[in-house]
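Trainee: Next comes the structure file upload.txt, holding compact mmCIF, C-alpha atoms.
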# COMPACT_ATOMS: atom_id res chain seq x y z
CA MET A 218 36.37 -0.73 -26.76
CA ASP A 219 36.45 2.63 -25.00
CA SER A 220 36.43 2.03 -21.22
CA ASN A 221 34.63 5.29 -20.51
CA PRO A 222 30.87 4.65 -20.30
CA GLN A 223 30.23 8.32 -20.96
CA THR A 224 31.84 8.25 -24.40
CA SER A 225 31.46 4.71 -25.65
CA ALA A 226 28.41 3.56 -27.58
CA GLU A 227 29.47 -0.06 -27.00
CA GLN A 228 29.69 0.25 -23.21
CA ILE A 229 27.33 -1.99 -21.29
CA ASP A 230 26.15 -0.27 -18.12
CA ARG A 231 26.34 -2.09 -14.80
CA VAL A 232 23.64 -0.55 -12.60
CA CYS A 233 23.63 -0.33 -8.82
CA ILE A 234 20.80 1.10 -6.75
CA ILE A 235 22.07 2.48 -3.45
CA GLY A 236 19.16 2.31 -1.04
CA SER A 237 16.29 -0.12 -0.62
CA GLY A 238 13.61 1.60 1.40
CA ASN A 239 10.17 2.31 -0.03
CA TRP A 240 11.43 4.68 -2.74
CA GLY A 241 14.49 2.56 -3.59
CA SER A 242 12.42 -0.59 -3.88
CA ALA A 243 9.77 1.19 -5.96
CA ILE A 244 12.34 2.54 -8.42
CA SER A 245 14.00 -0.89 -8.60
CA THR A 246 10.87 -2.23 -10.29
CA LEU A 247 11.34 0.22 -13.19
CA VAL A 248 15.12 -0.02 -13.33
CA GLY A 249 15.02 -3.82 -13.21
CA ARG A 250 12.50 -4.08 -16.05
CA ASN A 251 14.40 -1.57 -18.16
CA CYS A 252 17.76 -3.28 -17.64
CA GLU A 253 16.20 -6.57 -18.68
CA ARG A 254 15.11 -5.19 -22.04
CA LEU A 255 17.78 -2.63 -22.93
CA PRO A 256 20.79 -3.91 -24.89
CA ASN A 257 23.19 -1.36 -23.35
CA CYS A 258 22.62 -2.56 -19.75
CA GLU A 259 23.63 -5.68 -17.90
CA THR A 260 20.50 -7.59 -16.97
CA GLU A 261 21.40 -7.91 -13.29
CA VAL A 262 20.77 -4.86 -11.13
CA LYS A 263 22.39 -4.83 -7.71
CA MET A 264 20.54 -3.06 -4.93
CA TRP A 265 22.44 -2.23 -1.77
CA VAL A 266 20.34 -3.15 1.25
CA PHE A 267 21.19 -2.14 4.79
CA GLU A 268 21.02 -5.58 6.39
CA GLU A 269 18.40 -6.07 9.05
CA THR A 270 16.35 -8.92 10.41
CA VAL A 271 12.65 -8.89 9.62
CA THR A 272 9.84 -10.85 11.22
CA LEU A 273 7.71 -12.66 8.67
CA GLU A 274 3.98 -13.34 8.84
CA ASP A 275 4.59 -16.83 10.29
CA GLY A 276 6.68 -15.33 13.13
CA SER A 277 10.02 -16.50 11.75
CA GLN A 278 12.89 -14.09 11.37
CA GLU A 279 15.10 -13.74 8.30
CA LYS A 280 17.63 -11.33 6.86
CA LEU A 281 15.95 -8.76 4.64
CA THR A 282 18.36 -9.45 1.78
CA ASP A 283 17.48 -13.15 1.86
CA VAL A 284 13.77 -12.36 1.79
CA ILE A 285 14.17 -9.94 -1.13
CA ASN A 286 16.29 -12.41 -3.11
CA GLN A 287 14.00 -15.38 -2.45
CA ARG A 288 10.55 -13.77 -2.59
CA HIS A 289 11.42 -10.79 -4.82
CA GLU A 290 9.57 -8.53 -2.43
CA ASN A 291 10.73 -6.00 0.13
CA VAL A 292 8.33 -7.15 2.84
CA LYS A 293 9.35 -4.37 5.22
CA TYR A 294 9.38 -1.27 3.04
CA LEU A 295 7.22 -2.16 0.02
CA PRO A 296 5.05 -5.14 0.97
CA GLY A 297 2.84 -6.68 -1.65
CA ILE A 298 4.83 -5.38 -4.62
CA LYS A 299 6.92 -7.88 -6.58
CA LEU A 300 10.41 -6.81 -7.56
CA PRO A 301 11.91 -8.06 -10.82
CA GLU A 302 13.94 -11.24 -10.43
CA ASN A 303 17.00 -9.53 -11.91
CA VAL A 304 17.14 -7.09 -8.96
CA VAL A 305 19.56 -8.66 -6.49
CA ALA A 306 19.76 -7.44 -2.88
CA VAL A 307 23.36 -7.14 -1.68
CA PRO A 308 24.16 -6.30 1.97
CA ASP A 309 27.81 -5.38 1.30
CA LEU A 310 28.16 -1.89 -0.22
CA LYS A 311 31.57 -2.61 -1.77
CA GLU A 312 30.23 -5.73 -3.48
CA ALA A 313 27.05 -3.98 -4.63
CA CYS A 314 29.02 -1.11 -6.22
CA ALA A 315 31.84 -3.21 -7.69
CA ASP A 316 32.61 -1.86 -11.19
CA ALA A 317 29.21 -0.16 -11.43
CA THR A 318 29.02 2.34 -14.28
CA LEU A 319 25.68 3.82 -13.21
CA LEU A 320 24.73 4.50 -9.59
CA ILE A 321 21.21 5.41 -8.58
CA PHE A 322 21.19 7.03 -5.15
CA VAL A 323 17.93 6.49 -3.24
CA LEU A 324 18.73 6.90 0.44
CA PRO A 325 18.54 9.62 3.07
CA HIS A 326 21.11 12.32 2.31
CA GLN A 327 22.69 12.15 5.76
CA PHE A 328 24.03 8.62 5.07
CA LEU A 329 25.92 9.60 1.93
CA PRO A 330 29.09 11.15 3.43
CA ARG A 331 30.06 8.03 5.34
CA LEU A 332 29.28 5.73 2.38
CA MET A 333 31.16 7.69 -0.29
CA PRO A 334 34.69 6.40 0.48
CA THR A 335 33.53 2.80 -0.05
CA ILE A 336 31.56 3.70 -3.15
CA ARG A 337 34.43 5.71 -4.65
CA ALA A 338 36.85 2.81 -4.15
CA SER A 339 34.52 0.24 -5.73
CA VAL A 340 32.84 1.76 -8.79
CA HIS A 341 34.11 2.00 -12.35
CA PRO A 342 36.51 4.97 -12.61
CA SER A 343 34.15 6.95 -14.82
CA SER A 344 30.91 5.91 -13.18
CA ARG A 345 27.93 8.26 -13.36
CA GLY A 346 25.34 8.91 -10.71
CA VAL A 347 21.65 9.71 -10.63
CA SER A 348 20.27 11.27 -7.47
CA LEU A 349 16.76 10.39 -6.33
CA ILE A 350 17.66 11.59 -2.83
CA LYS A 351 15.06 13.62 -1.00
CA GLY A 352 16.45 16.43 1.09
CA LEU A 353 19.65 18.43 1.16
CA GLY A 354 22.46 18.51 3.67
CA GLU A 355 24.24 21.57 4.96
Using the file provided, produce a representation of the structure as structure tokens.
Mentor:
Amino acid sequence: MDSNPQTSAEQIDRVCIIGSGNWGSAISTLVGRNCERLPNCETEVKMWVFEETVTLEDGSQEKLTDVINQRHENVKYLPGIKLPENVVAVPDLKEACADATLLIFVLPHQFLPRLMPTIRASVHPSSRGVSLIKGLGE
């Protein structure tokens, strides 16, 4: 099998969404459903989540990644919308990007420069990227 996902028809894409705010969570619903049904994608979609503690409706506090993975909802940035169960929130960027062949960037552009060294070291060598980033840096 050709190890280059850009030239191999047999390559199964491993998708990682980098960013989990409103836009990242919204796009994860489409990406998750598509990866579930498409034969050329792994079913699991990793979504990198900047870890933070959220206060739930009962007053308890939990890590956002735990809430997303247990409730399948981003209660902070996209409340009331269910995320597909195959979308897995991962707080560690290196782990989220490990061997990814397709990256979907959905985060503020100013965060990208400091994340790129970790991403570059973790992804598949011929990984491709899709930018859904709003805004441009200098």
Trainee: Mind pulling up the distance from atom CA of Tyr294 of chain A to atom CA of Val232 of chain A?
Mentor: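 Between atom CA of Val232 of chain A and atom CA of Tyr294 of chain A the gap works out to 21.2 Å.
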Trainee: Can you tell me how far atom CA of Cys258 of chain A sits from atom CA of Val304 of chain A, in Å to one decimal?
Mentor: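 A separation of 12.9 Å between them.
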Trainee: When distances are computed from all atoms listed in the file, which of A:Gly238, A:Gly346, A:Pro308, A:Pro301 shows the smallest separation from Phe322 of chain A?
Mentor: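 Checking each of A:Gly238, A:Gly346, A:Pro308, A:Pro301 against Phe322 of chain A, counting all atoms listed in the file, the winner is A:Gly346.
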Trainee: Here is a test: counting only C-alpha atoms, which residue of A:Val284, A:Ile235, A:Leu310, A:Ile229 is nearest to Ser348 of chain A?
Mentor: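 Under the stated criterion, the closest residue is A:Ile235.
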Trainee: Report, in Å with one decimal, the straight-line distance from atom CA of Glu269 of chain A to atom CA of Val248 of chain A.
Mentor: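 Here the two named atoms are 23.4 Å from each other.
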Trainee: I want to know what sits within 10 Å of Arg231 of chain A, based on all atoms listed in the file, with residues of the same chain fewer than 2 positions away left out; could you give that as a VMD selection string?
Mentor: chain A and resid 222 228 to 229 233 252 257 to 263 314 to 320 340 to 341 344
Trainee: Output C-alpha atoms of each residue in that selection to a file, as an mmCIF file, keeping the file's coordinate frame.
Mentor:
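Result file follows (part_36.cif):
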data_model
loop_
_atom_site.group_PDB
_atom_site.id
_atom_site.type_symbol
_atom_site.label_atom_id
_atom_site.label_comp_id
_atom_site.auth_asym_id
_atom_site.auth_seq_id
_atom_site.Cartn_x
_atom_site.Cartn_y
_atom_site.Cartn_z
ATOM 1 C CA PRO A 222 30.870 4.650 -20.300
ATOM 2 C CA GLN A 228 29.690 0.250 -23.210
ATOM 3 C CA ILE A 229 27.330 -1.990 -21.290
ATOM 4 C CA CYS A 233 23.630 -0.330 -8.820
ATOM 5 C CA CYS A 252 17.760 -3.280 -17.640
ATOM 6 C CA ASN A 257 23.190 -1.360 -23.350
ATOM 7 C CA CYS A 258 22.620 -2.560 -19.750
ATOM 8 C CA GLU A 259 23.630 -5.680 -17.900
ATOM 9 C CA THR A 260 20.500 -7.590 -16.970
ATOM 10 C CA GLU A 261 21.400 -7.910 -13.290
ATOM 11 C CA VAL A 262 20.770 -4.860 -11.130
ATOM 12 C CA LYS A 263 22.390 -4.830 -7.710
ATOM 13 C CA CYS A 314 29.020 -1.110 -6.220
ATOM 14 C CA ALA A 315 31.840 -3.210 -7.690
ATOM 15 C CA ASP A 316 32.610 -1.860 -11.190
ATOM 16 C CA ALA A 317 29.210 -0.160 -11.430
ATOM 17 C CA THR A 318 29.020 2.340 -14.280
ATOM 18 C CA LEU A 319 25.680 3.820 -13.210
ATOM 19 C CA LEU A 320 24.730 4.500 -9.590
ATOM 20 C CA VAL A 340 32.840 1.760 -8.790
ATOM 21 C CA HIS A 341 34.110 2.000 -12.350
ATOM 22 C CA SER A 344 30.910 5.910 -13.180
#
Trainee: Select, from A:Leu353, A:Ala313, A:Leu295, A:Val323, the residue with the minimum atom-to-atom distance to Ser339 of chain A, counting all atoms listed in the file.
Mentor: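 Closest to Ser339 of chain A of all the choices is A:Ala313.
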Trainee: Pick from A:Leu349, A:Glu274, A:Val307, A:Met264: nearest to Leu324 of chain A, with all atoms listed in the file counted?
Mentor: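 Comparing A:Leu349, A:Glu274, A:Val307, A:Met264 against Leu324 of chain A, the winner is A:Leu349.
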Trainee: Could you please fill out segment 257-268 of chain A with all heavy atoms and send it back as a PDB file, in the coordinates of the input?
Mentor:
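To be explicit, this is the file written out as rebuild_28.pdb:
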ATOM      1  N   ASN A 257      21.988  -2.030 -23.861  1.00  0.00           N
ATOM      2  CA  ASN A 257      23.190  -1.360 -23.350  1.00  0.00           C
ATOM      3  C   ASN A 257      23.312  -1.447 -21.827  1.00  0.00           C
ATOM      4  O   ASN A 257      24.093  -0.723 -21.233  1.00  0.00           O
ATOM      5  CB  ASN A 257      23.212   0.105 -23.799  1.00  0.00           C
ATOM      6  CG  ASN A 257      22.015   0.887 -23.292  1.00  0.00           C
ATOM      7  OD1 ASN A 257      20.937   0.340 -23.103  1.00  0.00           O
ATOM      8  ND2 ASN A 257      22.197   2.169 -23.061  1.00  0.00           N
ATOM      9  N   CYS A 258      22.553  -2.355 -21.198  1.00  0.00           N
ATOM     10  CA  CYS A 258      22.620  -2.560 -19.750  1.00  0.00           C
ATOM     11  C   CYS A 258      22.798  -4.034 -19.438  1.00  0.00           C
ATOM     12  O   CYS A 258      22.212  -4.885 -20.104  1.00  0.00           O
ATOM     13  CB  CYS A 258      21.332  -2.089 -19.062  1.00  0.00           C
ATOM     14  SG  CYS A 258      21.035  -0.335 -19.145  1.00  0.00           S
ATOM     15  N   GLU A 259      23.600  -4.306 -18.410  1.00  0.00           N
ATOM     16  CA  GLU A 259      23.630  -5.680 -17.900  1.00  0.00           C
ATOM     17  C   GLU A 259      22.254  -5.983 -17.336  1.00  0.00           C
ATOM     18  O   GLU A 259      21.591  -5.101 -16.783  1.00  0.00           O
ATOM     19  CB  GLU A 259      24.682  -5.827 -16.812  1.00  0.00           C
ATOM     20  CG  GLU A 259      26.081  -5.850 -17.342  1.00  0.00           C
ATOM     21  CD  GLU A 259      27.100  -6.226 -16.271  1.00  0.00           C
ATOM     22  OE1 GLU A 259      26.713  -6.595 -15.141  1.00  0.00           O
ATOM     23  OE2 GLU A 259      28.293  -6.139 -16.595  1.00  0.00           O
ATOM     24  N   THR A 260      21.825  -7.206 -17.458  1.00  0.00           N
ATOM     25  CA  THR A 260      20.500  -7.590 -16.970  1.00  0.00           C
ATOM     26  C   THR A 260      20.405  -7.487 -15.458  1.00  0.00           C
ATOM     27  O   THR A 260      19.430  -6.982 -14.926  1.00  0.00           O
ATOM     28  CB  THR A 260      20.161  -9.026 -17.425  1.00  0.00           C
ATOM     29  OG1 THR A 260      20.195  -9.062 -18.849  1.00  0.00           O
ATOM     30  CG2 THR A 260      18.794  -9.442 -16.949  1.00  0.00           C
ATOM     31  N   GLU A 261      21.428  -7.935 -14.756  1.00  0.00           N
ATOM     32  CA  GLU A 261      21.400  -7.910 -13.290  1.00  0.00           C
ATOM     33  C   GLU A 261      21.558  -6.495 -12.758  1.00  0.00           C
ATOM     34  O   GLU A 261      22.435  -5.750 -13.195  1.00  0.00           O
ATOM     35  CB  GLU A 261      22.515  -8.793 -12.727  1.00  0.00           C
ATOM     36  CG  GLU A 261      22.505  -8.854 -11.211  1.00  0.00           C
ATOM     37  CD  GLU A 261      23.596  -9.725 -10.660  1.00  0.00           C
ATOM     38  OE1 GLU A 261      24.760  -9.266 -10.591  1.00  0.00           O
ATOM     39  OE2 GLU A 261      23.300 -10.876 -10.307  1.00  0.00           O
ATOM     40  N   VAL A 262      20.706  -6.144 -11.817  1.00  0.00           N
ATOM     41  CA  VAL A 262      20.770  -4.860 -11.130  1.00  0.00           C
ATOM     42  C   VAL A 262      21.022  -5.165  -9.660  1.00  0.00           C
ATOM     43  O   VAL A 262      20.246  -5.891  -9.033  1.00  0.00           O
ATOM     44  CB  VAL A 262      19.445  -4.073 -11.272  1.00  0.00           C
ATOM     45  CG1 VAL A 262      19.473  -2.808 -10.422  1.00  0.00           C
ATOM     46  CG2 VAL A 262      19.164  -3.749 -12.727  1.00  0.00           C
ATOM     47  N   LYS A 263      22.111  -4.633  -9.128  1.00  0.00           N
ATOM     48  CA  LYS A 263      22.390  -4.830  -7.710  1.00  0.00           C
ATOM     49  C   LYS A 263      21.760  -3.691  -6.927  1.00  0.00           C
ATOM     50  O   LYS A 263      21.791  -2.538  -7.341  1.00  0.00           O
ATOM     51  CB  LYS A 263      23.887  -4.899  -7.467  1.00  0.00           C
ATOM     52  CG  LYS A 263      24.499  -6.146  -8.074  1.00  0.00           C
ATOM     53  CD  LYS A 263      25.945  -6.276  -7.751  1.00  0.00           C
ATOM     54  CE  LYS A 263      26.488  -7.546  -8.372  1.00  0.00           C
ATOM     55  NZ  LYS A 263      27.928  -7.655  -8.168  1.00  0.00           N
ATOM     56  N   MET A 264      21.158  -4.042  -5.808  1.00  0.00           N
ATOM     57  CA  MET A 264      20.540  -3.060  -4.930  1.00  0.00           C
ATOM     58  C   MET A 264      21.153  -3.217  -3.548  1.00  0.00           C
ATOM     59  O   MET A 264      21.014  -4.282  -2.914  1.00  0.00           O
ATOM     60  CB  MET A 264      19.013  -3.266  -4.874  1.00  0.00           C
ATOM     61  CG  MET A 264      18.302  -2.274  -3.974  1.00  0.00           C
ATOM     62  SD  MET A 264      16.492  -2.337  -4.102  1.00  0.00           S
ATOM     63  CE  MET A 264      16.133  -3.944  -3.385  1.00  0.00           C
ATOM     64  N   TRP A 265      21.850  -2.162  -3.095  1.00  0.00           N
ATOM     65  CA  TRP A 265      22.440  -2.230  -1.770  1.00  0.00           C
ATOM     66  C   TRP A 265      21.341  -2.104  -0.725  1.00  0.00           C
ATOM     67  O   TRP A 265      20.515  -1.192  -0.747  1.00  0.00           O
ATOM     68  CB  TRP A 265      23.473  -1.127  -1.560  1.00  0.00           C
ATOM     69  CG  TRP A 265      24.018  -1.162  -0.162  1.00  0.00           C
ATOM     70  CD1 TRP A 265      24.751  -2.163   0.403  1.00  0.00           C
ATOM     71  CD2 TRP A 265      23.839  -0.181   0.849  1.00  0.00           C
ATOM     72  NE1 TRP A 265      25.039  -1.848   1.721  1.00  0.00           N
ATOM     73  CE2 TRP A 265      24.493  -0.634   2.016  1.00  0.00           C
ATOM     74  CE3 TRP A 265      23.185   1.052   0.883  1.00  0.00           C
ATOM     75  CZ2 TRP A 265      24.516   0.088   3.197  1.00  0.00           C
ATOM     76  CZ3 TRP A 265      23.207   1.776   2.067  1.00  0.00           C
ATOM     77  CH2 TRP A 265      23.873   1.291   3.205  1.00  0.00           C
ATOM     78  N   VAL A 266      21.338  -3.083   0.189  1.00  0.00           N
ATOM     79  CA  VAL A 266      20.340  -3.150   1.250  1.00  0.00           C
ATOM     80  C   VAL A 266      21.058  -3.117   2.594  1.00  0.00           C
ATOM     81  O   VAL A 266      21.937  -3.933   2.844  1.00  0.00           O
ATOM     82  CB  VAL A 266      19.514  -4.465   1.133  1.00  0.00           C
ATOM     83  CG1 VAL A 266      18.537  -4.604   2.285  1.00  0.00           C
ATOM     84  CG2 VAL A 266      18.802  -4.536  -0.204  1.00  0.00           C
ATOM     85  N   PHE A 267      20.686  -2.149   3.417  1.00  0.00           N
ATOM     86  CA  PHE A 267      21.190  -2.140   4.790  1.00  0.00           C
ATOM     87  C   PHE A 267      20.610  -3.377   5.469  1.00  0.00           C
ATOM     88  O   PHE A 267      19.390  -3.511   5.594  1.00  0.00           O
ATOM     89  CB  PHE A 267      20.772  -0.857   5.515  1.00  0.00           C
ATOM     90  CG  PHE A 267      21.296  -0.789   6.918  1.00  0.00           C
ATOM     91  CD1 PHE A 267      22.611  -0.408   7.159  1.00  0.00           C
ATOM     92  CD2 PHE A 267      20.481  -1.113   7.986  1.00  0.00           C
ATOM     93  CE1 PHE A 267      23.100  -0.353   8.454  1.00  0.00           C
ATOM     94  CE2 PHE A 267      20.964  -1.066   9.289  1.00  0.00           C
ATOM     95  CZ  PHE A 267      22.278  -0.686   9.519  1.00  0.00           C
ATOM     96  N   GLU A 268      21.491  -4.288   5.872  1.00  0.00           N
ATOM     97  CA  GLU A 268      21.020  -5.580   6.390  1.00  0.00           C
ATOM     98  C   GLU A 268      20.313  -5.426   7.729  1.00  0.00           C
ATOM     99  O   GLU A 268      20.804  -4.746   8.629  1.00  0.00           O
ATOM    100  CB  GLU A 268      22.193  -6.542   6.552  1.00  0.00           C
ATOM    101  CG  GLU A 268      21.755  -7.965   6.840  1.00  0.00           C
ATOM    102  CD  GLU A 268      21.043  -8.608   5.668  1.00  0.00           C
ATOM    103  OE1 GLU A 268      19.818  -8.385   5.512  1.00  0.00           O
ATOM    104  OE2 GLU A 268      21.696  -9.326   4.914  1.00  0.00           O
TER     105      GLU A 268
END
